[in-house]
>>> print(open('input-v9.cif').read())   # mmCIF, C-alpha atoms and all ligand atoms
data_model
#
loop_
_atom_site.label_atom_id
_atom_site.label_comp_id
_atom_site.auth_asym_id
_atom_site.auth_seq_id
_atom_site.Cartn_x
_atom_site.Cartn_y
_atom_site.Cartn_z
CA ILE V 1 162.05 71.02 -107.90
CA SER V 2 159.57 71.10 -110.82
CA LYS V 3 161.96 69.00 -112.88
CA PHE V 4 162.00 66.58 -110.04
CA ALA V 5 158.19 66.44 -110.04
CA THR V 6 157.94 65.79 -113.80
CA LYS V 7 160.75 63.32 -113.77
CA TYR V 8 159.06 61.22 -111.15
CA ASN V 9 155.56 61.87 -112.59
CA THR V 10 154.40 62.89 -109.16
CA ASN V 11 150.78 63.84 -108.59
CA PHE V 12 149.56 67.38 -107.98
CA LYS V 13 149.35 67.11 -104.22
CA ILE V 14 152.92 66.01 -103.98
CA ILE V 15 154.00 68.76 -106.39
CA MET V 16 152.38 71.32 -104.08
CA ILE V 17 154.26 69.91 -101.14
CA ILE V 18 157.43 70.08 -103.16
CA TYR V 19 156.71 73.72 -104.15
CA SER V 20 155.92 74.67 -100.60
CA ARG V 21 158.91 76.55 -99.22
CA ASN V 22 158.72 77.65 -95.61
CA ARG V 23 161.75 79.79 -96.18
CA ARG V 24 159.68 82.24 -98.33
CA LEU V 25 158.28 83.80 -95.18
CA ARG V 26 161.75 84.11 -93.68
CA THR V 27 163.25 86.00 -96.64
CA ASN V 28 163.76 89.32 -94.87
CA ALA V 29 163.16 91.01 -91.54
CA SER V 30 159.99 92.77 -92.70
CA ILE V 31 158.32 89.56 -93.82
CA ARG V 32 159.46 87.85 -90.65
CA SER V 33 157.88 90.59 -88.57
CA LEU V 34 154.56 90.14 -90.41
CA VAL V 35 154.34 86.48 -89.47
CA GLN V 36 155.77 86.76 -85.96
CA GLU V 37 153.39 84.97 -83.60
CA THR V 38 154.65 86.02 -80.17
CA VAL V 39 155.41 89.58 -79.09
CA LEU V 40 157.42 90.23 -75.93
CA THR V 41 156.80 93.63 -74.34
CA VAL V 42 157.67 95.42 -71.10
CA ASN V 43 154.05 94.88 -70.06
CA ASP V 44 154.89 91.22 -69.54
CA PHE V 45 157.45 91.70 -66.77
CA VAL V 46 157.37 91.42 -63.01
CA MET V 47 160.66 92.28 -61.30
CA PRO V 48 161.50 90.37 -58.10
CA VAL V 49 163.16 92.72 -55.61
CA PHE V 50 165.22 91.89 -52.49
CA VAL V 51 164.96 94.30 -49.56
CA MET V 52 167.02 94.64 -46.37
CA GLU V 53 167.15 96.88 -43.29
CA GLY V 54 169.14 100.10 -43.23
CA GLU V 55 169.52 103.30 -45.16
CA ASN V 56 171.29 104.02 -48.41
CA LYS V 57 172.55 100.45 -48.48
CA GLU V 58 173.08 98.16 -51.45
CA GLU V 59 174.69 94.71 -51.47
CA PRO V 60 175.37 92.70 -54.62
CA ILE V 61 174.23 89.06 -54.68
CA PRO V 62 177.27 87.16 -55.95
CA SER V 63 175.43 84.31 -57.67
CA MET V 64 173.08 86.76 -59.42
CA PRO V 65 175.22 89.31 -61.28
CA GLY V 66 173.44 92.67 -61.56
CA ILE V 67 171.01 91.92 -58.72
CA TYR V 68 171.21 93.62 -55.32
CA ARG V 69 169.67 93.60 -51.89
CA ARG V 70 168.72 97.19 -51.09
CA SER V 71 167.48 99.21 -48.14
CA VAL V 72 163.94 100.58 -48.47
CA ASP V 73 165.01 104.04 -49.70
CA LEU V 74 167.13 102.60 -52.51
CA THR V 75 164.41 100.07 -53.31
CA VAL V 76 162.00 102.96 -53.85
CA LYS V 77 164.55 104.65 -56.11
CA GLU V 78 164.90 101.42 -58.09
CA CYS V 79 161.11 101.14 -58.40
CA LYS V 80 160.94 104.65 -59.90
CA GLU V 81 163.56 103.64 -62.43
CA LEU V 82 161.79 100.38 -63.24
CA PHE V 83 158.49 102.18 -63.72
CA SER V 84 160.06 104.75 -66.02
CA LEU V 85 161.37 101.86 -68.13
CA GLY V 86 157.86 100.43 -68.33
CA VAL V 87 158.19 97.67 -65.72
CA LYS V 88 154.96 98.10 -63.81
CA ALA V 89 155.05 95.30 -61.23
CA VAL V 90 157.43 94.23 -58.48
CA ASN V 91 157.46 91.08 -56.36
CA LEU V 92 158.92 91.73 -52.90
CA TYR V 93 161.21 89.58 -50.76
CA MET V 94 162.65 90.56 -47.40
CA LYS V 95 165.96 89.65 -45.84
CA VAL V 96 165.22 89.82 -42.13
CA SER V 97 167.90 89.61 -39.46
CA GLY V 98 168.33 86.37 -37.54
CA ASN V 99 167.00 87.76 -34.24
CA LEU V 100 163.57 88.36 -35.85
CA LYS V 101 163.22 84.74 -36.95
CA ASP V 102 161.35 82.11 -34.96
CA ASN V 103 159.16 79.07 -35.64
CA THR V 104 155.88 81.02 -35.83
CA GLY V 105 157.12 83.48 -38.44
CA LYS V 106 155.27 86.26 -36.58
CA GLU V 107 157.56 89.00 -37.88
CA ALA V 108 155.84 88.35 -41.22
CA TRP V 109 152.67 90.16 -40.08
CA ASN V 110 154.32 92.88 -37.98
CA LYS V 111 152.48 96.09 -38.95
CA ASN V 112 155.81 97.91 -38.90
CA GLY V 113 157.83 95.09 -40.36
CA LEU V 114 160.28 95.52 -43.21
CA MET V 115 157.78 94.17 -45.76
CA GLN V 116 154.92 96.38 -44.60
CA ASN V 117 157.15 99.48 -44.59
CA THR V 118 158.48 98.64 -48.04
CA ILE V 119 155.00 98.21 -49.50
CA LYS V 120 153.92 101.59 -48.06
CA ALA V 121 157.05 103.36 -49.27
CA ILE V 122 156.70 102.04 -52.82
CA LYS V 123 152.98 102.79 -53.05
CA ASP V 124 153.62 106.33 -51.71
CA ALA V 125 156.36 107.07 -54.23
CA VAL V 126 155.08 105.16 -57.27
CA PRO V 127 151.33 104.64 -56.74
CA GLU V 128 150.83 103.01 -60.12
CA MET V 129 153.44 100.33 -59.47
CA VAL V 130 151.72 96.97 -58.91
CA VAL V 131 153.11 95.71 -55.62
CA MET V 132 153.10 91.95 -55.11
CA PRO V 133 154.57 90.83 -51.77
CA ASP V 134 155.69 87.23 -51.41
CA VAL V 135 153.59 85.26 -48.93
CA ALA V 136 155.55 82.41 -47.28
CA LEU V 137 157.28 82.03 -43.94
CA ASP V 138 160.76 80.97 -45.06
CA PRO V 139 162.54 84.33 -44.67
CA TYR V 140 161.05 84.57 -41.15
CA SER V 141 161.54 80.93 -40.08
CA ILE V 142 164.46 79.78 -37.95
CA TYR V 143 164.23 76.50 -39.87
CA GLY V 144 164.14 78.08 -43.32
CA HIS V 145 160.84 76.38 -44.10
CA ASP V 146 157.80 77.95 -45.72
CA GLY V 147 155.66 76.88 -42.78
CA ILE V 148 155.49 76.33 -39.05
CA ILE V 149 157.15 73.16 -37.76
CA THR V 150 155.09 70.95 -35.43
CA ASN V 151 156.60 67.62 -34.29
CA GLY V 152 159.28 67.78 -36.95
CA LYS V 153 156.85 68.39 -39.82
CA VAL V 154 155.69 71.40 -41.78
CA ASP V 155 152.24 71.92 -40.27
CA ASN V 156 149.84 72.71 -43.13
CA ASP V 157 146.84 74.12 -41.28
CA ALA V 158 148.75 76.08 -38.64
CA THR V 159 150.77 77.59 -41.48
CA ASN V 160 147.61 78.60 -43.35
CA GLU V 161 146.48 80.65 -40.35
CA ALA V 162 149.83 82.44 -40.36
CA LEU V 163 149.63 83.05 -44.13
CA VAL V 164 146.20 84.65 -43.74
CA LYS V 165 147.57 87.08 -41.12
CA MET V 166 150.54 87.80 -43.34
CA SER V 167 148.36 88.44 -46.42
CA VAL V 168 145.94 90.72 -44.55
CA SER V 169 148.86 92.74 -43.17
CA HIS V 170 150.22 93.13 -46.71
CA ALA V 171 146.80 94.30 -47.88
CA GLU V 172 146.65 96.80 -44.99
CA ALA V 173 150.02 98.16 -46.07
CA GLY V 174 148.68 98.71 -49.60
CA ALA V 175 149.61 95.59 -51.59
CA ASP V 176 147.74 95.17 -54.87
CA ILE V 177 148.20 91.43 -55.20
CA VAL V 178 149.48 88.93 -52.63
CA ALA V 179 151.61 86.11 -53.97
CA PRO V 180 151.57 82.95 -51.82
CA SER V 181 154.60 80.82 -52.79
CA ASP V 182 154.40 78.31 -49.92
CA MET V 183 152.53 75.34 -51.49
CA MET V 184 150.39 74.58 -48.42
CA ASP V 185 147.08 72.90 -49.31
CA GLY V 186 144.00 75.08 -49.03
CA ARG V 187 145.80 78.34 -48.48
CA VAL V 188 144.25 80.15 -51.43
CA ALA V 189 140.75 79.59 -50.01
CA ALA V 190 141.94 80.60 -46.54
CA ILE V 191 143.62 83.78 -47.81
CA ARG V 192 140.66 84.68 -50.03
CA THR V 193 138.30 84.31 -47.06
CA GLY V 194 140.63 86.30 -44.81
CA LEU V 195 140.90 89.14 -47.31
CA GLU V 196 137.13 89.27 -47.92
CA GLU V 197 136.37 89.24 -44.20
CA SER V 198 138.83 92.09 -43.63
CA GLY V 199 137.26 94.17 -46.38
CA PHE V 200 140.09 93.76 -48.91
CA THR V 201 137.80 92.60 -51.67
CA ASP V 202 139.97 94.12 -54.42
CA VAL V 203 143.28 92.59 -53.41
CA GLY V 204 144.26 89.88 -55.87
CA ILE V 205 145.82 86.50 -55.20
CA LEU V 206 148.57 85.30 -57.47
CA SER V 207 148.91 81.69 -56.45
CA TYR V 208 152.04 79.64 -56.97
CA ALA V 209 149.87 76.72 -57.99
CA ALA V 210 152.48 74.42 -59.53
CA LYS V 211 155.72 75.13 -57.74
CA TYR V 212 158.29 72.37 -57.93
CA ALA V 213 160.95 71.40 -55.36
CA SER V 214 163.79 72.61 -57.55
CA SER V 215 167.54 72.94 -57.40
CA PHE V 216 167.19 76.16 -59.39
CA TYR V 217 166.25 78.18 -56.29
CA GLY V 218 169.79 78.09 -54.87
CA PRO V 219 170.88 81.68 -55.63
CA PHE V 220 167.59 83.05 -54.27
CA ARG V 221 168.04 81.21 -50.98
CA SER V 222 171.54 82.56 -50.56
CA ALA V 223 170.24 86.09 -51.30
CA LEU V 224 167.77 85.86 -48.42
CA ASP V 225 169.66 83.41 -46.21
CA SER V 226 166.46 81.34 -46.32
CA ALA V 227 167.64 77.81 -47.20
CA PRO V 228 166.25 75.00 -45.00
CA LYS V 229 168.65 74.63 -42.09
CA GLU V 230 170.70 71.54 -41.33
CA ASN V 231 168.86 70.07 -38.36
CA VAL V 232 168.48 66.43 -37.36
CA ASP V 233 164.76 66.59 -36.70
CA ILE V 234 163.59 68.78 -39.55
CA PRO V 235 163.44 67.95 -43.26
CA LYS V 236 166.34 69.60 -45.10
CA ASP V 237 164.40 70.06 -48.32
CA LYS V 238 160.93 71.24 -49.29
CA LYS V 239 159.76 68.03 -50.94
CA THR V 240 156.86 67.47 -48.54
CA TYR V 241 155.11 70.54 -49.91
CA GLN V 242 156.70 71.61 -53.21
CA MET V 243 155.99 69.35 -56.20
CA ASP V 244 158.07 66.45 -57.46
CA PHE V 245 159.71 67.39 -60.75
CA HIS V 246 158.89 63.97 -62.20
CA ASN V 247 155.20 64.88 -62.29
CA ALA V 248 153.10 66.79 -64.80
CA ARG V 249 149.48 65.61 -64.38
CA GLU V 250 149.68 66.55 -60.72
CA ALA V 251 150.39 70.15 -61.76
CA MET V 252 147.01 70.35 -63.45
CA ASP V 253 145.33 69.07 -60.30
CA GLU V 254 147.13 71.72 -58.23
CA VAL V 255 146.15 74.45 -60.70
CA MET V 256 142.47 73.43 -60.86
CA LYS V 257 142.21 73.45 -57.07
CA ASP V 258 143.74 76.93 -56.80
CA VAL V 259 141.39 78.20 -59.51
CA ALA V 260 138.44 76.76 -57.59
CA GLU V 261 139.70 78.28 -54.33
CA GLY V 262 139.65 81.78 -55.81
CA ALA V 263 143.08 82.53 -57.26
CA ASP V 264 143.16 85.43 -59.74
CA ILE V 265 146.45 84.51 -61.41
CA ILE V 266 148.13 81.11 -61.58
CA MET V 267 151.91 80.75 -61.26
CA ILE V 268 154.08 77.97 -62.64
CA LYS V 269 157.63 77.77 -61.31
CA PRO V 270 160.47 77.30 -62.32
CA GLY V 271 160.22 78.53 -65.91
CA LEU V 272 162.51 77.35 -68.67
CA PRO V 273 162.82 73.65 -67.73
CA TYR V 274 159.06 73.52 -67.06
CA LEU V 275 157.53 75.00 -70.23
CA ASP V 276 155.72 71.74 -70.98
CA ILE V 277 153.73 72.38 -67.81
CA VAL V 278 153.04 75.96 -68.90
CA SER V 279 151.67 74.90 -72.26
CA GLN V 280 149.53 72.15 -70.75
CA VAL V 281 148.05 74.53 -68.19
CA ARG V 282 147.51 77.18 -70.90
CA ALA V 283 145.40 74.68 -72.84
CA GLN V 284 143.17 74.06 -69.84
CA ILE V 285 142.57 77.38 -68.08
CA ASP V 286 141.60 80.91 -69.05
CA LEU V 287 142.95 82.73 -65.98
CA PRO V 288 146.16 84.68 -66.51
CA ILE V 289 149.29 82.56 -66.15
CA ALA V 290 152.49 83.82 -64.54
CA VAL V 291 155.78 81.99 -65.04
CA TYR V 292 158.81 82.45 -62.77
CA ASN V 293 162.15 82.54 -64.58
CA VAL V 294 163.91 81.69 -61.31
CA SER V 295 167.25 82.64 -59.78
CA GLY V 296 169.09 79.53 -61.00
CA GLU V 297 167.94 80.10 -64.58
CA TYR V 298 169.22 83.68 -64.34
CA ALA V 299 172.50 82.52 -62.79
CA MET V 300 173.10 79.96 -65.58
CA LEU V 301 172.59 82.55 -68.29
CA LYS V 302 174.77 85.13 -66.56
CA ALA V 303 177.58 82.65 -65.89
CA ALA V 304 177.67 81.60 -69.53
CA ALA V 305 177.48 85.21 -70.71
CA GLN V 306 180.29 86.29 -68.38
CA ASN V 307 182.46 83.57 -69.88
CA GLY V 308 181.67 84.80 -73.35
CA TRP V 309 179.89 81.53 -74.10
CA LEU V 310 176.48 83.08 -74.78
CA ASP V 311 175.34 86.45 -76.10
CA ASN V 312 173.74 87.91 -72.95
CA ASP V 313 171.21 90.21 -74.64
CA LYS V 314 170.08 87.76 -77.30
CA ALA V 315 169.79 84.89 -74.82
CA ILE V 316 167.67 87.01 -72.45
CA ILE V 317 165.22 88.11 -75.13
CA GLU V 318 165.01 84.61 -76.61
CA SER V 319 164.38 82.86 -73.31
CA LEU V 320 161.73 85.36 -72.18
CA THR V 321 159.99 85.19 -75.57
CA CYS V 322 159.95 81.39 -75.40
CA ILE V 323 158.34 81.53 -71.95
CA LYS V 324 155.65 83.76 -73.42
CA ARG V 325 155.26 81.50 -76.47
CA ALA V 326 154.60 78.57 -74.15
CA GLY V 327 151.61 80.44 -72.76
CA ALA V 328 152.71 82.89 -70.07
CA ASP V 329 150.81 86.17 -69.70
CA MET V 330 153.45 87.56 -67.36
CA ILE V 331 157.00 86.61 -66.48
CA PHE V 332 158.71 87.05 -63.15
CA THR V 333 162.33 87.61 -64.11
CA TYR V 334 165.50 89.09 -62.63
CA ALA V 335 166.28 90.22 -66.17
CA ALA V 336 163.19 92.47 -66.27
CA LYS V 337 165.11 95.73 -66.09
CA GLU V 338 167.74 94.66 -68.60
CA ALA V 339 165.11 93.26 -70.97
CA ALA V 340 163.06 96.45 -70.68
CA MET V 341 166.10 98.49 -71.68
CA LEU V 342 166.76 96.15 -74.62
CA LEU V 343 163.14 96.31 -75.80
CA ASN V 344 163.01 100.11 -75.42
CA ASN V 345 166.02 100.56 -77.67
C1 LIG V 401 160.07 80.88 -51.03
C2 LIG V 401 160.39 81.25 -52.42
C3 LIG V 401 161.44 80.71 -53.15
C4 LIG V 401 161.47 81.38 -54.36
C5 LIG V 401 160.44 82.30 -54.36
N1 LIG V 401 159.75 82.21 -53.14
C6 LIG V 401 162.45 79.69 -52.78
C7 LIG V 401 162.02 78.43 -52.23
O1 LIG V 401 160.89 77.97 -52.41
O2 LIG V 401 162.85 77.84 -51.55
C8 LIG V 401 162.50 81.11 -55.41
C9 LIG V 401 162.70 82.15 -56.42
C10 LIG V 401 163.93 82.01 -57.22
O3 LIG V 401 164.71 81.05 -57.12
O4 LIG V 401 164.16 82.92 -58.01
N2 LIG V 401 158.78 80.75 -50.65
#
>>> encode(input="input-v9.cif", output="structure tokens")
Amino acid sequence: ISKFATKYNTNFKIIMIIYSRNRRLRTNASIRSLVQETVLTVNDFVMPVFVMEGENKEEPIPSMPGIYRRSVDLTVKECKELFSLGVKAVNLYMKVSGNLKDNTGKEAWNKNGLMQNTIKAIKDAVPEMVVMPDVALDPYSIYGHDGIITNGKVDNDATNEALVKMSVSHAEAGADIVAPSDMMDGRVAAIRTGLEESGFTDVGILSYAAKYASSFYGPFRSALDSAPKENVDIPKDKKTYQMDFHNAREAMDEVMKDVAEGADIIMIKPGLPYLDIVSQVRAQIDLPIAVYNVSGEYAMLKAAAQNGWLDNDKAIIESLTCIKRAGADMIFTYAAKEAAMLLNN
């Protein structure tokens, strides 16, 4: 290189550029660890958990290898295991039987409902586990929508009233943080007011602020039997409330409104195909950011790994680290337990 510089009589600045070798800091693992910018730890993970009725029951979810729906007792057992691995937060989803579903979603705030009983059971057994129940009506809706249907449309304001009741009932059961994933307008303010008025001043709100209408939710919907139902009068997708994946500026508007309404943590979802949104939001806000590495992202990785096309462990650690690099403070991921075991080793 120096010969090159003399030969071409290059000036000093150019020589320095020529002598600059980025590879020096990649020479060995110790040097690489000194200059590593992003550190992934078990503290970053939130494990989504699917719960069903019954006792000592466990059902695998075919499109999500390694993930199960479990009865409350086995869910508690799983939570103990997760906590001992260092995973200190769970996000709860219920699979409720068809006869409990209607258009109001009222089972969602049943004091003795599956969700409320699960929250209590986990907090009893593992008090330090951060319990984050999902707030949205889809698992309780006969239409598979996140809100109440009025005249063939998802009714924003009627839904907000239901979400407040749901959130307060989660708080009564012992939830630490409620996680509204419904994308109704104004629901963060409504839930915040509802919680304050009921005395739950310390219950946090993790708001799905920028949640896109995405094809990557497929495996999740089959796990809960919560996909929008085929029905002539009702929209078959969630595009009237979830965001259009063509848009990025709109995400910032959504985030700023949820911050103003009183959210404590801001969620961006899905994860991997949406990291541009994560980094843009990171540049603009100081609240903690959560990113959801969703069911379809997990399914893609597992399918490739099962075929021997990807190294499962390396791909998991890389993708979660990249989500953190983009600006996430916490990651909701079905790989939380596996990643915790990998990081602990
Ligand atoms: C529903 C909800 C969905 C997910 C979390 N909460 C699905 C949807 O909006 O249809 C998806 C999570 C995943 O795919 O992992 N409110």
>>> closest_residue(input="input-v9.cif", among="V:Val294, V:Ile31, V:Ala305, V:Val90", to="V:Arg221", atoms="all atoms listed in the file")
V:Val294
>>> closest_residue(input="input-v9.cif", among="V:Phe245, V:Phe332, V:Trp109, V:Tyr217", to="ligand LIG 401 (chain V)", atoms="only C-alpha atoms and all ligand atoms")
V:Tyr217
>>> residues_near_ligand(input="input-v9.cif", ligand="ligand LIG 401 (chain V)", cutoff="8 Å", atoms="all atoms listed in the file", output="PyMOL selection string")
chain V and resi 48+93+134-139+145-146+180-182+211+213-214+216-221+226-228+238+242+270+292-296+333-334
>>> closest_residue(input="input-v9.cif", among="V:Asp73, V:Gly144, V:Met183, V:Val291", to="V:Asn117", atoms="only C-alpha atoms")
V:Asp73
>>> residues_around(input="input-v9.cif", residues="V:Phe45", least_positions_apart="6", cutoff="9 Å", atoms="only C-alpha atoms", output="mmCIF file with C-alpha atoms, in the frame of the given file")
data_model
loop_
_atom_site.group_PDB
_atom_site.id
_atom_site.type_symbol
_atom_site.label_atom_id
_atom_site.label_comp_id
_atom_site.auth_asym_id
_atom_site.auth_seq_id
_atom_site.Cartn_x
_atom_site.Cartn_y
_atom_site.Cartn_z
ATOM 1 C CA GLY V 86 157.860 100.430 -68.330
ATOM 2 C CA VAL V 87 158.190 97.670 -65.720
ATOM 3 C CA LYS V 88 154.960 98.100 -63.810
ATOM 4 C CA ALA V 89 155.050 95.300 -61.230
ATOM 5 C CA VAL V 90 157.430 94.230 -58.480
ATOM 6 C CA MET V 330 153.450 87.560 -67.360
ATOM 7 C CA ILE V 331 157.000 86.610 -66.480
ATOM 8 C CA PHE V 332 158.710 87.050 -63.150
ATOM 9 C CA THR V 333 162.330 87.610 -64.110
ATOM 10 C CA ALA V 335 166.280 90.220 -66.170
ATOM 11 C CA ALA V 336 163.190 92.470 -66.270
ATOM 12 C CA LYS V 337 165.110 95.730 -66.090
ATOM 13 C CA ALA V 339 165.110 93.260 -70.970
ATOM 14 C CA ALA V 340 163.060 96.450 -70.680
#
>>> closest_residue(input="input-v9.cif", among="V:Leu342, V:Glu58, V:Gly152, V:Lys123", to="V:Asn231", atoms="all atoms listed in the file")
V:Gly152
>>> atom_distance(input="input-v9.cif", atom1="atom CA of V:Ala290", atom2="atom CA of V:Leu206")
8.2 Å
>>> residues_around(input="input-v9.cif", residues="V:Ser97", least_positions_apart="6", cutoff="10 Å", atoms="only C-alpha atoms", output="list in words")
Met52, Glu53, Pro139, Tyr140, Leu224 and Asp225 of chain V
>>> closest_residue(input="input-v9.cif", among="V:Val51, V:Ile317, V:Met341, V:Ala162", to="V:Phe83", atoms="only C-alpha atoms")
V:Met341
>>> atom_distance(input="input-v9.cif", atom1="atom CA of V:Glu107", atom2="atom CA of V:Ile265")
26.4 Å
>>> closest_residue(input="input-v9.cif", among="V:Met184, V:Ile234, V:Val178, V:Leu82", to="V:Asn156", atoms="all atoms listed in the file")
V:Met184
>>> residues_around(input="input-v9.cif", residues="V:Ala190", least_positions_apart="4", cutoff="8 Å", atoms="only C-alpha atoms", output="ChimeraX atom specification")
/V:160-161,164,186,194
>>> atom_distance(input="input-v9.cif", atom1="atom CA of V:Gly327", atom2="atom CA of V:Val130")
21.6 Å
>>> residues_around(input="input-v9.cif", residues="V:Ala260", least_positions_apart="4", cutoff="10 Å", atoms="all atoms listed in the file", output="ChimeraX atom specification")
/V:188-189,255-256
>>> residues_around(input="input-v9.cif", residues="stretch 280-282 of chain V", least_positions_apart="4", cutoff="10 Å", atoms="only C-alpha atoms", output="PyMOL selection string")
chain V and resi 210+248-249+251-253+255-256+266+268+275-276+286-289+326-329
>>> build_atoms(input="input-v9.cif", residues="stretch 160-179 of chain V", atoms="N, CA and C atoms", output="CSV table (one decimal), in the frame of the given file")
chain,number,residue,atom,x,y,z
V,160,ASN,N,148.6,77.8,-42.6
V,160,ASN,CA,147.6,78.6,-43.4
V,160,ASN,C,147.1,79.8,-42.5
V,161,GLU,N,146.9,79.5,-41.2
V,161,GLU,CA,146.5,80.6,-40.4
V,161,GLU,C,147.5,81.8,-40.4
V,162,ALA,N,148.8,81.4,-40.3
V,162,ALA,CA,149.8,82.4,-40.4
V,162,ALA,C,149.8,83.2,-41.7
V,163,LEU,N,149.6,82.4,-42.8
V,163,LEU,CA,149.6,83.0,-44.1
V,163,LEU,C,148.5,84.0,-44.3
V,164,VAL,N,147.3,83.7,-43.7
V,164,VAL,CA,146.2,84.6,-43.7
V,164,VAL,C,146.6,86.0,-43.0
V,165,LYS,N,147.2,85.9,-41.8
V,165,LYS,CA,147.6,87.1,-41.1
V,165,LYS,C,148.6,87.9,-41.9
V,166,MET,N,149.5,87.2,-42.5
V,166,MET,CA,150.5,87.8,-43.3
V,166,MET,C,149.9,88.5,-44.5
V,167,SER,N,149.0,87.9,-45.2
V,167,SER,CA,148.4,88.4,-46.4
V,167,SER,C,147.5,89.7,-46.1
V,168,VAL,N,146.8,89.6,-45.0
V,168,VAL,CA,145.9,90.7,-44.6
V,168,VAL,C,146.8,91.9,-44.2
V,169,SER,N,148.0,91.6,-43.5
V,169,SER,CA,148.9,92.7,-43.2
V,169,SER,C,149.5,93.4,-44.4
V,170,HIS,N,149.7,92.6,-45.4
V,170,HIS,CA,150.2,93.1,-46.7
V,170,HIS,C,149.1,94.0,-47.4
V,171,ALA,N,147.9,93.5,-47.3
V,171,ALA,CA,146.8,94.3,-47.9
V,171,ALA,C,146.6,95.6,-47.1
V,172,GLU,N,146.7,95.6,-45.8
V,172,GLU,CA,146.6,96.8,-45.0
V,172,GLU,C,147.7,97.8,-45.4
V,173,ALA,N,148.9,97.3,-45.7
V,173,ALA,CA,150.0,98.2,-46.1
V,173,ALA,C,149.9,98.7,-47.5
V,174,GLY,N,148.9,98.1,-48.3
V,174,GLY,CA,148.7,98.7,-49.6
V,174,GLY,C,149.0,97.8,-50.8
V,175,ALA,N,149.3,96.5,-50.5
V,175,ALA,CA,149.6,95.6,-51.6
V,175,ALA,C,148.4,95.5,-52.6
V,176,ASP,N,148.8,95.4,-53.9
V,176,ASP,CA,147.7,95.2,-54.9
V,176,ASP,C,147.4,93.7,-55.0
V,177,ILE,N,148.4,92.9,-55.0
V,177,ILE,CA,148.2,91.4,-55.2
V,177,ILE,C,149.1,90.7,-54.2
V,178,VAL,N,148.6,89.7,-53.5
V,178,VAL,CA,149.5,88.9,-52.6
V,178,VAL,C,149.9,87.7,-53.4
V,179,ALA,N,151.1,87.2,-53.2
V,179,ALA,CA,151.6,86.1,-54.0
V,179,ALA,C,152.1,85.0,-53.1
